[in-house]
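What follows is the content of work-v4.txt, which has compact mmCIF, C-alpha atoms and all ligand atoms:
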```
# COMPACT_ATOMS: atom_id res chain seq x y z
CA MET A 954 105.87 96.46 87.48
CA ALA A 955 106.16 97.86 84.01
CA VAL A 956 103.13 96.70 82.06
CA ARG A 957 102.14 99.31 79.49
CA ALA A 958 98.51 99.32 78.58
CA GLU A 959 96.27 101.05 76.11
CA PRO A 960 93.73 103.41 77.65
CA GLY A 961 90.50 101.66 78.63
CA LEU A 962 87.91 100.95 76.00
CA GLY A 963 84.98 100.47 78.33
CA GLN A 964 82.98 103.62 78.89
CA ALA A 965 80.07 101.83 80.48
CA PHE A 966 79.87 98.24 81.57
CA SER A 967 77.19 95.70 80.82
CA ARG A 968 76.84 92.57 82.94
CA ALA A 969 76.79 90.44 79.80
CA GLU A 970 80.12 91.84 78.55
CA ILE A 971 81.97 91.78 81.87
CA GLY A 972 80.40 88.42 82.74
CA ALA A 973 81.63 86.89 79.48
CA PHE A 974 85.12 88.32 80.08
CA VAL A 975 85.15 86.84 83.60
CA ASP A 976 83.88 83.45 82.39
CA GLU A 977 86.35 83.22 79.50
CA VAL A 978 89.48 84.94 80.84
CA VAL A 979 89.43 85.45 84.62
CA ALA A 980 87.63 82.53 86.31
CA PRO A 981 89.53 79.79 84.43
CA ARG A 982 92.82 81.08 85.93
CA ALA A 983 91.66 81.70 89.52
CA ALA A 984 92.71 78.28 90.88
CA GLU A 985 96.13 78.64 89.24
CA PHE A 986 96.67 82.10 90.82
CA ASP A 987 95.55 80.71 94.17
CA ARG A 988 98.04 77.82 93.96
CA ALA A 989 100.91 80.00 92.72
CA GLY A 990 100.25 82.82 95.19
CA ARG A 991 100.49 85.30 92.34
CA ILE A 992 98.62 86.45 89.28
CA ASP A 993 99.84 86.30 85.70
CA LEU A 994 100.71 89.86 84.61
CA SER A 995 98.79 89.35 81.37
CA MET A 996 95.71 89.86 83.60
CA VAL A 997 96.75 93.48 84.18
CA THR A 998 96.67 94.07 80.43
CA GLU A 999 93.38 92.20 80.03
CA PHE A 1000 91.77 94.40 82.67
CA ALA A 1001 93.32 97.49 81.10
CA ALA A 1002 91.90 96.66 77.68
CA ARG A 1003 88.42 96.75 79.21
CA GLY A 1004 88.92 99.95 81.18
CA LEU A 1005 88.51 98.18 84.53
CA TRP A 1006 91.42 99.88 86.35
CA GLY A 1007 89.78 103.29 85.79
CA ALA A 1008 86.18 102.24 86.46
CA VAL A 1009 86.06 103.90 89.88
CA LEU A 1010 86.08 107.32 88.19
CA PRO A 1011 83.36 108.39 85.78
CA THR A 1012 84.39 109.53 82.32
CA THR A 1013 83.65 113.12 83.40
CA GLU A 1014 86.58 112.79 85.86
CA GLY A 1015 88.91 111.20 83.32
CA GLY A 1016 88.03 107.63 84.29
CA THR A 1017 86.34 104.85 82.36
CA GLY A 1018 83.35 104.20 84.60
CA ALA A 1019 79.72 105.23 84.62
CA GLY A 1020 79.05 105.67 88.32
CA MET A 1021 78.87 103.47 91.37
CA THR A 1022 76.10 101.15 90.16
CA ALA A 1023 78.31 100.22 87.21
CA LEU A 1024 81.33 99.89 89.53
CA ALA A 1025 79.42 97.46 91.74
CA LEU A 1026 78.57 95.37 88.71
CA VAL A 1027 82.23 95.22 87.67
CA HIS A 1028 83.44 94.28 91.15
CA GLU A 1029 80.68 91.70 91.59
CA GLU A 1030 81.51 90.01 88.30
CA VAL A 1031 85.28 90.04 88.89
CA GLY A 1032 84.68 88.77 92.45
CA ARG A 1033 82.57 85.95 91.05
CA GLY A 1034 85.52 84.77 89.02
CA CYS A 1035 88.56 85.52 91.16
CA SER A 1036 88.66 87.21 94.57
CA ALA A 1037 92.41 87.82 94.28
CA MET A 1038 91.95 89.90 91.12
CA ARG A 1039 89.02 91.70 92.73
CA SER A 1040 91.17 92.51 95.76
CA LEU A 1041 93.86 93.98 93.50
CA LEU A 1042 91.19 96.01 91.73
CA THR A 1043 89.81 97.18 95.09
CA VAL A 1044 93.03 98.64 96.48
CA HIS A 1045 93.97 100.14 93.12
CA SER A 1046 90.55 101.82 92.96
CA MET A 1047 91.01 103.18 96.49
CA ALA A 1048 94.33 104.80 95.56
CA LEU A 1049 92.93 106.28 92.36
CA TYR A 1050 89.82 107.56 94.13
CA ALA A 1051 91.95 109.28 96.81
CA LEU A 1052 94.21 110.86 94.20
CA ASP A 1053 91.26 112.19 92.21
CA ARG A 1054 89.36 113.50 95.21
CA TRP A 1055 92.18 114.95 97.36
CA GLY A 1056 95.43 114.87 95.34
CA THR A 1057 97.51 117.88 94.33
CA GLU A 1058 97.48 118.91 90.66
CA ALA A 1059 101.14 117.82 90.45
CA ALA A 1060 100.32 114.34 91.82
CA LYS A 1061 97.36 114.05 89.43
CA SER A 1062 99.41 114.95 86.41
CA ARG A 1063 102.11 112.48 87.50
CA TRP A 1064 99.84 109.48 88.23
CA LYS A 1065 96.20 109.82 87.21
CA ALA A 1066 96.36 108.79 83.55
CA ASP A 1067 98.61 105.83 84.36
CA LEU A 1068 96.34 104.64 87.17
CA VAL A 1069 93.23 104.99 85.00
CA SER A 1070 94.81 103.01 82.16
CA GLY A 1071 96.43 100.36 84.36
CA ALA A 1072 99.93 101.37 83.26
CA ALA A 1073 100.57 101.83 87.00
CA LEU A 1074 98.95 99.85 89.83
CA GLY A 1075 98.03 101.34 93.20
CA ALA A 1076 97.97 99.85 96.72
CA PHE A 1077 96.68 100.95 100.12
CA CYS A 1078 98.99 101.03 103.17
CA LEU A 1079 97.12 101.66 106.43
CA THR A 1080 97.48 98.61 108.72
CA GLU A 1081 100.44 98.31 111.12
CA ALA A 1082 101.27 96.00 114.03
CA GLU A 1083 99.40 98.24 116.50
CA ALA A 1084 96.93 99.79 114.05
CA GLY A 1085 94.36 97.22 112.87
CA SER A 1086 90.65 97.85 113.40
CA ASP A 1087 91.68 101.01 115.26
CA PHE A 1088 93.41 102.89 112.48
CA THR A 1089 93.87 105.97 114.67
CA ALA A 1090 96.79 104.02 116.23
CA VAL A 1091 99.02 104.45 113.14
CA ARG A 1092 102.67 104.96 114.19
CA ALA A 1093 104.30 105.62 110.79
CA THR A 1094 105.62 109.18 110.65
CA ALA A 1095 106.16 111.83 107.98
CA ARG A 1096 108.48 114.78 108.69
CA HIS A 1097 108.50 117.87 106.48
CA GLU A 1098 112.04 119.00 105.65
CA GLY A 1099 112.64 121.64 102.99
CA ASP A 1100 110.93 120.48 99.79
CA GLU A 1101 110.51 116.93 101.00
CA TRP A 1102 108.58 114.66 103.30
CA ILE A 1103 110.54 111.92 105.04
CA LEU A 1104 108.55 108.74 105.72
CA ASP A 1105 109.36 106.10 108.33
CA GLY A 1106 107.15 103.16 109.26
CA HIS A 1107 106.27 99.51 108.76
CA LYS A 1108 103.00 98.65 107.01
CA LEU A 1109 101.46 95.17 107.12
CA TRP A 1110 99.11 93.21 104.88
CA VAL A 1111 99.39 95.44 101.82
CA THR A 1112 97.30 93.80 99.07
CA GLY A 1113 99.21 94.07 95.81
CA GLY A 1114 102.24 95.27 97.78
CA GLN A 1115 104.52 93.02 95.72
CA LEU A 1116 103.33 94.60 92.46
CA ALA A 1117 102.22 98.14 93.13
CA ASP A 1118 103.81 101.18 91.49
CA VAL A 1119 102.06 103.71 93.73
CA LEU A 1120 101.36 103.43 97.46
CA LEU A 1121 98.66 105.31 99.35
CA VAL A 1122 100.32 105.64 102.76
CA PHE A 1123 98.81 106.80 106.08
CA ALA A 1124 101.23 108.45 108.56
CA ARG A 1125 101.36 110.93 111.45
CA THR A 1126 102.75 114.42 110.91
CA ALA A 1127 103.39 117.31 113.31
CA ASN A 1128 99.97 118.62 112.22
CA GLY A 1129 98.07 115.36 112.63
CA PRO A 1130 97.31 112.29 110.50
CA ALA A 1131 98.01 112.62 106.79
CA VAL A 1132 97.97 110.61 103.57
CA PHE A 1133 100.67 110.40 100.90
CA LEU A 1134 100.80 109.00 97.40
CA VAL A 1135 104.26 107.48 97.18
CA ASP A 1136 106.19 106.23 94.15
CA ALA A 1137 106.96 102.63 95.14
CA ALA A 1138 110.35 102.93 93.41
CA SER A 1139 111.47 105.69 95.84
CA PRO A 1140 114.68 104.98 97.76
CA GLY A 1141 114.07 103.80 101.33
CA ILE A 1142 111.22 101.37 100.51
CA ARG A 1143 111.55 97.64 101.17
CA ARG A 1144 108.89 95.06 100.27
CA ILE A 1145 108.59 91.76 102.13
CA PRO A 1146 106.31 89.26 100.34
CA VAL A 1147 103.70 87.53 102.53
CA SER A 1148 102.61 83.98 101.64
CA GLY A 1149 100.40 81.26 103.09
CA ILE A 1150 97.35 83.50 103.58
CA THR A 1151 93.98 81.79 104.07
CA GLY A 1152 92.36 83.35 101.02
CA THR A 1153 92.90 85.77 98.12
CA ARG A 1154 96.30 84.09 97.83
CA GLY A 1155 97.01 85.49 94.38
CA SER A 1156 96.71 89.08 95.57
CA GLN A 1157 100.45 89.33 96.28
CA VAL A 1158 100.30 90.78 99.75
CA ALA A 1159 103.47 92.34 101.19
CA GLU A 1160 104.78 94.12 104.23
CA ILE A 1161 106.21 97.48 103.23
CA VAL A 1162 108.95 99.15 105.23
CA PHE A 1163 109.72 102.87 104.85
CA GLU A 1164 113.16 103.91 106.13
CA ASN A 1165 114.15 107.53 105.67
CA CYS A 1166 112.06 107.50 102.49
CA ARG A 1167 112.20 110.96 100.88
CA ILE A 1168 109.28 112.06 98.72
CA GLY A 1169 108.27 115.40 97.21
CA SER A 1170 106.12 118.02 98.98
CA ASP A 1171 103.32 117.47 96.45
CA ALA A 1172 102.99 113.78 97.41
CA ILE A 1173 100.61 114.70 100.24
CA ILE A 1174 96.92 113.93 99.55
CA GLY A 1175 94.77 116.60 101.22
CA PRO A 1176 96.15 118.78 104.00
CA ALA A 1177 98.07 117.35 106.97
CA GLY A 1178 95.54 116.71 109.75
CA MET A 1179 92.85 115.44 107.36
CA GLY A 1180 94.17 111.87 107.31
CA LEU A 1181 91.35 110.25 109.31
CA ALA A 1182 88.65 111.86 107.17
CA ILE A 1183 90.41 110.70 104.01
CA ALA A 1184 90.86 107.21 105.47
CA THR A 1185 87.11 107.08 106.12
CA GLY A 1186 86.32 108.12 102.54
CA VAL A 1187 88.81 105.69 101.02
CA LEU A 1188 87.68 102.80 103.26
CA ASP A 1189 84.10 103.46 102.17
CA ILE A 1190 85.12 102.78 98.56
CA GLY A 1191 87.07 99.67 99.62
CA ARG A 1192 84.16 98.41 101.70
CA PHE A 1193 81.76 98.97 98.80
CA SER A 1194 84.01 97.04 96.44
CA VAL A 1195 84.40 94.16 98.92
CA ALA A 1196 80.63 94.04 99.43
CA ALA A 1197 80.12 93.78 95.67
CA GLY A 1198 82.89 91.16 95.47
CA CYS A 1199 81.07 89.14 98.14
CA VAL A 1200 77.91 89.19 96.00
CA GLY A 1201 80.12 87.64 93.32
CA ILE A 1202 81.26 84.91 95.75
CA LEU A 1203 77.62 84.26 96.68
CA GLN A 1204 76.66 83.96 93.02
CA ALA A 1205 79.58 81.60 92.39
CA CYS A 1206 78.51 79.44 95.38
CA LEU A 1207 74.95 79.33 94.05
CA ARG A 1208 76.12 78.27 90.57
CA ALA A 1209 78.44 75.57 91.92
CA SER A 1210 75.81 74.24 94.34
CA VAL A 1211 73.05 74.11 91.74
CA ASP A 1212 75.30 72.41 89.19
CA TYR A 1213 76.33 69.77 91.69
CA ALA A 1214 72.85 69.19 93.14
CA ASN A 1215 71.50 68.77 89.60
CA THR A 1216 73.90 65.94 88.76
CA ARG A 1217 74.83 64.04 91.93
CA HIS A 1218 72.62 61.11 92.94
CA GLN A 1219 72.42 59.76 96.49
CA GLY A 1220 69.75 57.60 98.13
CA GLY A 1221 68.09 57.01 94.75
CA ALA A 1222 67.51 60.70 94.06
CA LEU A 1223 69.35 63.75 92.81
CA LEU A 1224 70.73 65.89 95.65
CA ARG A 1225 68.36 68.66 94.60
CA GLU A 1226 65.42 66.45 95.59
CA HIS A 1227 66.55 66.16 99.23
CA GLN A 1228 64.82 68.82 101.29
CA LEU A 1229 67.81 69.58 103.52
CA VAL A 1230 69.87 70.27 100.40
CA GLN A 1231 67.06 72.46 99.09
CA GLN A 1232 67.23 74.47 102.29
CA MET A 1233 70.92 75.21 101.70
CA ILE A 1234 70.33 76.22 98.08
CA ALA A 1235 67.32 78.36 98.99
CA THR A 1236 69.31 80.23 101.64
CA ILE A 1237 72.22 80.89 99.27
CA ALA A 1238 69.83 82.08 96.52
CA THR A 1239 67.94 84.37 98.91
CA ASN A 1240 71.07 85.90 100.43
CA THR A 1241 72.62 86.44 97.00
CA ARG A 1242 69.65 88.55 95.95
CA ALA A 1243 69.45 90.38 99.26
CA ALA A 1244 73.18 91.22 99.24
CA ARG A 1245 73.00 92.43 95.64
CA LEU A 1246 70.08 94.71 96.49
CA LEU A 1247 71.92 96.13 99.53
CA VAL A 1248 74.98 96.88 97.38
CA ARG A 1249 72.75 98.44 94.75
CA GLN A 1250 71.12 100.68 97.35
CA ALA A 1251 74.54 101.81 98.59
CA ALA A 1252 75.53 102.51 94.95
CA GLN A 1253 72.40 104.52 94.23
CA LEU A 1254 72.94 106.60 97.37
CA LYS A 1255 76.55 107.22 96.30
CA ASP A 1256 75.46 108.22 92.81
CA ALA A 1257 72.87 110.56 94.35
CA GLY A 1258 75.57 112.15 96.56
CA SER A 1259 73.71 111.14 99.74
CA PRO A 1260 75.71 110.85 103.00
CA ASP A 1261 73.44 107.89 103.82
CA THR A 1262 75.64 105.84 101.51
CA LEU A 1263 78.26 105.44 104.27
CA MET A 1264 75.93 103.44 106.51
CA ALA A 1265 74.31 101.68 103.56
CA THR A 1266 77.80 100.51 102.56
CA CYS A 1267 78.58 99.23 106.09
CA ILE A 1268 75.30 97.30 106.11
CA ALA A 1269 75.88 95.89 102.62
CA LYS A 1270 79.44 94.83 103.50
CA GLN A 1271 78.44 93.23 106.78
CA PHE A 1272 75.57 91.28 105.21
CA ALA A 1273 77.40 90.31 102.02
CA ALA A 1274 80.57 89.16 103.80
CA THR A 1275 78.82 87.09 106.47
CA SER A 1276 76.43 85.63 103.87
CA ALA A 1277 79.35 84.77 101.56
CA VAL A 1278 81.08 82.82 104.35
CA ALA A 1279 77.83 80.97 105.18
CA ALA A 1280 77.13 80.26 101.50
CA ALA A 1281 80.64 78.98 100.84
CA ASN A 1282 80.43 76.82 103.94
CA ASP A 1283 77.16 75.31 102.69
CA ALA A 1284 78.54 74.94 99.18
CA VAL A 1285 81.43 72.84 100.56
CA GLN A 1286 78.96 70.84 102.66
CA LEU A 1287 76.74 70.14 99.69
CA HIS A 1288 79.72 68.84 97.69
CA GLY A 1289 80.64 66.36 100.43
CA ALA A 1290 84.24 65.11 100.23
CA ARG A 1291 84.64 66.62 96.78
CA GLY A 1292 84.06 70.04 98.33
CA CYS A 1293 87.25 69.51 100.31
CA SER A 1294 89.33 68.83 97.20
CA ASP A 1295 90.90 71.06 94.55
CA GLU A 1296 88.66 69.42 91.98
CA TYR A 1297 85.91 71.94 92.81
CA PRO A 1298 86.29 75.68 93.52
CA VAL A 1299 84.07 75.80 96.62
CA GLY A 1300 86.93 75.28 99.09
CA ARG A 1301 88.66 78.34 97.60
CA TYR A 1302 85.41 80.32 97.84
CA LEU A 1303 85.26 79.53 101.56
CA ARG A 1304 88.87 80.65 102.15
CA ASP A 1305 88.37 83.82 100.09
CA ALA A 1306 85.06 84.64 101.78
CA LYS A 1307 86.60 84.41 105.24
CA VAL A 1308 89.12 87.13 104.34
CA MET A 1309 86.20 89.41 103.39
CA GLU A 1310 84.98 89.34 107.00
CA ILE A 1311 88.29 90.85 108.12
CA ILE A 1312 89.36 93.39 105.49
CA GLU A 1313 88.00 96.95 105.05
CA GLY A 1314 86.53 96.89 108.56
CA SER A 1315 85.83 93.51 110.17
CA THR A 1316 82.31 92.18 110.70
CA GLN A 1317 82.53 93.21 114.37
CA MET A 1318 83.52 96.77 113.43
CA GLN A 1319 80.56 96.94 111.02
CA HIS A 1320 78.29 95.74 113.83
CA VAL A 1321 79.61 98.50 116.09
CA LEU A 1322 79.08 101.16 113.39
CA ILE A 1323 75.62 99.88 112.39
CA ALA A 1324 74.33 99.60 115.96
CA THR A 1325 75.71 103.03 116.92
CA ASP A 1326 74.01 104.61 113.90
CA ALA A 1327 70.72 102.76 114.48
CA CYS A 1328 70.56 103.90 118.11
CA ARG A 1329 71.62 107.48 117.30
CA ASN A 1330 69.09 107.85 114.49
CA GLN A 1331 66.32 106.01 116.30
CA ALA A 1332 65.90 103.30 113.69
CA ARG A 1333 65.26 105.80 110.86
CA VAL A 1334 64.16 104.34 107.49
CA VAL A 1335 66.56 105.02 104.60
CA ASP A 1336 65.14 104.45 101.14
CA VAL A 1337 66.06 105.21 97.54
CA GLU A 1338 63.49 106.90 95.30
C1 LIG A 1401 94.32 89.12 102.93
C2 LIG A 1401 94.35 90.45 103.62
C3 LIG A 1401 94.58 91.59 102.87
C4 LIG A 1401 94.68 92.85 103.51
N1 LIG A 1401 94.94 93.97 102.75
C5 LIG A 1401 95.19 95.14 103.35
C6 LIG A 1401 95.60 96.30 102.59
O1 LIG A 1401 95.68 96.26 101.37
N2 LIG A 1401 95.92 97.43 103.27
C7 LIG A 1401 95.82 97.53 104.63
O2 LIG A 1401 96.12 98.59 105.18
N3 LIG A 1401 95.40 96.46 105.38
C8 LIG A 1401 95.10 95.28 104.77
N4 LIG A 1401 94.70 94.18 105.52
C9 LIG A 1401 94.61 94.31 106.98
C10 LIG A 1401 93.17 94.39 107.46
O3 LIG A 1401 92.58 95.59 107.06
C11 LIG A 1401 93.24 94.23 108.98
O4 LIG A 1401 93.62 92.90 109.22
C12 LIG A 1401 91.92 94.56 109.65
O5 LIG A 1401 91.71 95.95 109.68
C13 LIG A 1401 91.85 94.03 111.09
O6 LIG A 1401 92.96 94.42 111.80
P1 LIG A 1401 93.79 93.33 112.65
O7 LIG A 1401 94.13 92.20 111.75
O8 LIG A 1401 94.92 94.04 113.31
O9 LIG A 1401 92.79 92.78 113.73
P2 LIG A 1401 92.39 93.48 115.14
O10 LIG A 1401 92.00 94.88 114.93
O11 LIG A 1401 93.45 93.18 116.12
O12 LIG A 1401 91.07 92.66 115.50
C14 LIG A 1401 91.11 91.33 116.01
C15 LIG A 1401 89.68 90.88 116.28
O13 LIG A 1401 89.10 91.73 117.26
C16 LIG A 1401 87.94 92.35 116.76
N5 LIG A 1401 87.86 93.73 117.22
C17 LIG A 1401 88.84 94.68 117.17
N6 LIG A 1401 88.40 95.84 117.67
C18 LIG A 1401 87.13 95.64 118.06
C19 LIG A 1401 86.12 96.46 118.64
N7 LIG A 1401 86.33 97.76 118.90
N8 LIG A 1401 84.89 95.92 118.89
C20 LIG A 1401 84.65 94.62 118.59
N9 LIG A 1401 85.56 93.80 118.05
C21 LIG A 1401 86.78 94.29 117.77
C22 LIG A 1401 88.06 92.30 115.23
O14 LIG A 1401 86.80 92.30 114.59
C23 LIG A 1401 88.78 90.98 115.04
O15 LIG A 1401 87.85 89.94 115.06
C24 LIG A 1401 94.54 92.95 104.90
C25 LIG A 1401 94.28 91.77 105.66
C26 LIG A 1401 94.19 90.55 105.03
C27 LIG A 1401 93.93 89.32 105.86
```

What do you get writing this file as structure tokens?
Amino acid sequence: MAVRAEPGLGQAFSRAEIGAFVDEVVAPRAAEFDRAGRIDLSMVTEFAARGLWGAVLPTTEGGTGAGMTALALVHEEVGRGCSAMRSLLTVHSMALYALDRWGTEAAKSRWKADLVSGAALGAFCLTEAEAGSDFTAVRATARHEGDEWILDGHKLWVTGGQLADVLLVFARTANGPAVFLVDAASPGIRRIPVSGITGTRGSQVAEIVFENCRIGSDAIIGPAGMGLAIATGVLDIGRFSVAAGCVGILQACLRASVDYANTRHQGGALLREHQLVQQMIATIATNTRAARLLVRQAAQLKDAGSPDTLMATCIAKQFAATSAVAAANDAVQLHGARGCSDEYPVGRYLRDAKVMEIIEGSTQMQHVLIATDACRNQARVVDVE
């Protein structure tokens, strides 16, 4: 896509500012994007004007953000309004983060400014038919020949794959797993749009096929053989963003449930006066706060440079995603038949939340990681000062 955008204005983000933007510009279009299975490209420019595409990098690194606590706030607020836009922001942020942390100087000078400003959009290509939760099973290959790498492989479920200008691609090389930042306009790339997904329908998912795709030597991100370590680092950022996005879904479920319970009468009383309805609202409210605090702890550990952030992020993602599904389920329940119609957003929240339990490491994979860590570290307490 060829949207040109002014560099981001936002140097730091306040909840009030981003929240107002989401309420006025993003949330009102979410149902339309869901129905159409695509976003309106004006959204790319709107996000660019607020510096959101570059928020994953602090200003000291040429980005528009102010650290991971601010990033969580942005992704929570966007996720509250539209999970499809948040998903696009997530994968873009993963590509930009990888470029900044491991990219060659040539790749940075080619892509970084455009990714920060939103003039180019990034996507993340890891999953294949055989490589799902077990990403060590990647079969895509990259051969080094002269001044070029030659990519072959078939990637599935690429969020933003229909739109992206730059693809972060995981492949095997003679020296082990590696990561490449690929110009999506390179010859030998075919995109196959995917439709009819349960949730995040506007996120323009595609399959991407690489056939004898020739890219420059400097397209490699980090040395060949370091691919699994880079995947872990990039997935941590994706997981963190999804966790924050799930807090947004929880908050949206709380708002919708409270609004409905405050106005609907049954059995001679407002819904909010029925104790079983109160139980649902109380659980959503409690889990929203708990998930937000878990994401904040993961953010603070990231900002402090602590390796404990990896596990804190797994825990936050697991809790936020499962709580978002439960909250959206209750929100539909509380709306009765209307919850099953397009008239209210809660049905979309439920479909979007379910996707969050699968992407960036499924709930089961988080359970495996969390239990392994808890047993290895003998139930150690991790706290933030
Ligand atoms: C809307 C959407 C967008 C996506 N976007 C992207 C993207 O941008 N880029 C990308 O690369 N991928 C993307 N994905 C793919 C996603 O990351 C994978 O679907 C996910 O990693 C799970 O892989 P899988 O679907 O092959 O399931 P599988 O790995 O086959 O898992 C199937 C089930 O088995 C469970 N399971 C698997 N292994 C274990 C185990 N060891 N222990 C316990 N349980 C296990 C899983 O939890 C799951 O419930 C997207 C998926 C969706 C639905």

Give me the residues within 6 Å of segment 1143-1149 of chain A as number ranges by chain, counting all atoms listed in the file and dropping any in the same chain fewer than 3 places off.
A: 1158-1162

Smallest atom-to-atom distance to Asn1165 of chain A: which of A:Ala1095, A:Gly1113, A:Cys1206, A:His1218, using all atoms listed in the file?
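The closest residue to Asn1165 of chain A is A:Ala1095.
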
Taking a cut-off of 8 Å and counting all atoms listed in the file, can you build a table that, for each residue of chain A near ligand LIG 1401 (chain A), reports the nearest atom pair and how far apart they are in Å (one decimal), sorted by chain then residue number, as a tab-separated table?
```
residue	atom	partner	partner_atom	distance
A:Ser1040	CA	A:LIG1401	C3	7.9
A:Val1044	CA	A:LIG1401	O1	6.0
A:Ala1076	CA	A:LIG1401	O1	6.3
A:Phe1077	CA	A:LIG1401	N2	4.8
A:Cys1078	CA	A:LIG1401	O2	4.3
A:Leu1079	CA	A:LIG1401	O2	3.5
A:Thr1080	CA	A:LIG1401	O2	3.8
A:Glu1081	CA	A:LIG1401	O8	7.3
A:Ala1082	CA	A:LIG1401	O8	6.7
A:Glu1083	CA	A:LIG1401	O8	6.9
A:Ala1084	CA	A:LIG1401	O8	6.1
A:Gly1085	CA	A:LIG1401	O8	3.3
A:Ser1086	CA	A:LIG1401	O10	3.6
A:Asp1087	CA	A:LIG1401	O10	6.1
A:Phe1088	CA	A:LIG1401	O5	7.7
A:Lys1108	CA	A:LIG1401	O2	7.1
A:Leu1109	CA	A:LIG1401	N3	6.4
A:Trp1110	CA	A:LIG1401	C8	4.5
A:Val1111	CA	A:LIG1401	O1	3.8
A:Thr1112	CA	A:LIG1401	O1	3.7
A:Gly1113	CA	A:LIG1401	O1	6.9
A:Gly1114	CA	A:LIG1401	O1	7.5
A:Ile1150	CA	A:LIG1401	C1	6.4
A:Thr1151	CA	A:LIG1401	C1	7.4
A:Gly1152	CA	A:LIG1401	C1	6.4
A:Thr1153	CA	A:LIG1401	C1	6.0
A:Arg1154	CA	A:LIG1401	C1	7.4
A:Ser1156	CA	A:LIG1401	C1	7.7
A:Val1158	CA	A:LIG1401	C3	6.6
A:Val1308	CA	A:LIG1401	C27	5.5
A:Ile1311	CA	A:LIG1401	C12	5.4
A:Ile1312	CA	A:LIG1401	O3	4.2
A:Glu1313	CA	A:LIG1401	O3	5.2
A:Gly1314	CA	A:LIG1401	O5	5.4
A:Ser1315	CA	A:LIG1401	O14	4.7
A:Thr1316	CA	A:LIG1401	O14	5.9
A:Gln1317	CA	A:LIG1401	O14	4.4
A:Met1318	CA	A:LIG1401	O14	5.7
A:Val1321	CA	A:LIG1401	N8	6.5
```

Considering only C-alpha atoms, state which residue in the set A:Asn1215, A:Gln1253, A:Thr1266, A:Thr1239 is at the smallest distance from Ile1190 of chain A.
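Of A:Asn1215, A:Gln1253, A:Thr1266, A:Thr1239, the one nearest Ile1190 of chain A, counting only C-alpha atoms, is A:Thr1266.
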
Who sits within 9 Å of Leu1104 of chain A, all atoms listed in the file, same chain under 3 positions skipped, as a PDB file with C-alpha atoms, keeping the file's coordinate frame:
```
ATOM      1  CA  ALA A1093     104.300 105.620 110.790  1.00  0.00           C
ATOM      2  CA  THR A1094     105.620 109.180 110.650  1.00  0.00           C
ATOM      3  CA  ALA A1095     106.160 111.830 107.980  1.00  0.00           C
ATOM      4  CA  ARG A1096     108.480 114.780 108.690  1.00  0.00           C
ATOM      5  CA  ALA A1124     101.230 108.450 108.560  1.00  0.00           C
ATOM      6  CA  GLY A1141     114.070 103.800 101.330  1.00  0.00           C
ATOM      7  CA  PHE A1163     109.720 102.870 104.850  1.00  0.00           C
ATOM      8  CA  GLU A1164     113.160 103.910 106.130  1.00  0.00           C
ATOM      9  CA  ASN A1165     114.150 107.530 105.670  1.00  0.00           C
ATOM     10  CA  CYS A1166     112.060 107.500 102.490  1.00  0.00           C
ATOM     11  CA  ARG A1167     112.200 110.960 100.880  1.00  0.00           C
ATOM     12  CA  ILE A1168     109.280 112.060  98.720  1.00  0.00           C
TER      13      ILE A1168
END
```

Identify which of the residues A:Arg1192, A:His1288, A:Arg1092, A:Arg1304 lies closest to Ala1037 of chain A, counting only C-alpha atoms when measuring atom-to-atom distances.
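The answer is A:Arg1304, which sits nearest to Ala1037 of chain A.
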
For Ala1138 of chain A, the nearest of the candidates A:Leu1010, A:Ala1073, A:Cys1267, A:Ala1177, counting only C-alpha atoms
A:Ala1073

Taking only C-alpha atoms into account, name the residue in A:Ser1062, A:Ser1139, A:Ser1194, A:Ser1210 that is nearest to Ala1284 of chain A.
A:Ser1210

Selected residue of minimal separation from Asp1283 of chain A among A:Thr1236, A:Asp1295, A:Tyr1213, A:Leu1322, counting all atoms listed in the file
A:Thr1236

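The space between atom CA of Glu1030 of chain A and atom CA of Arg1242 of chain A spans 14.2 Å.
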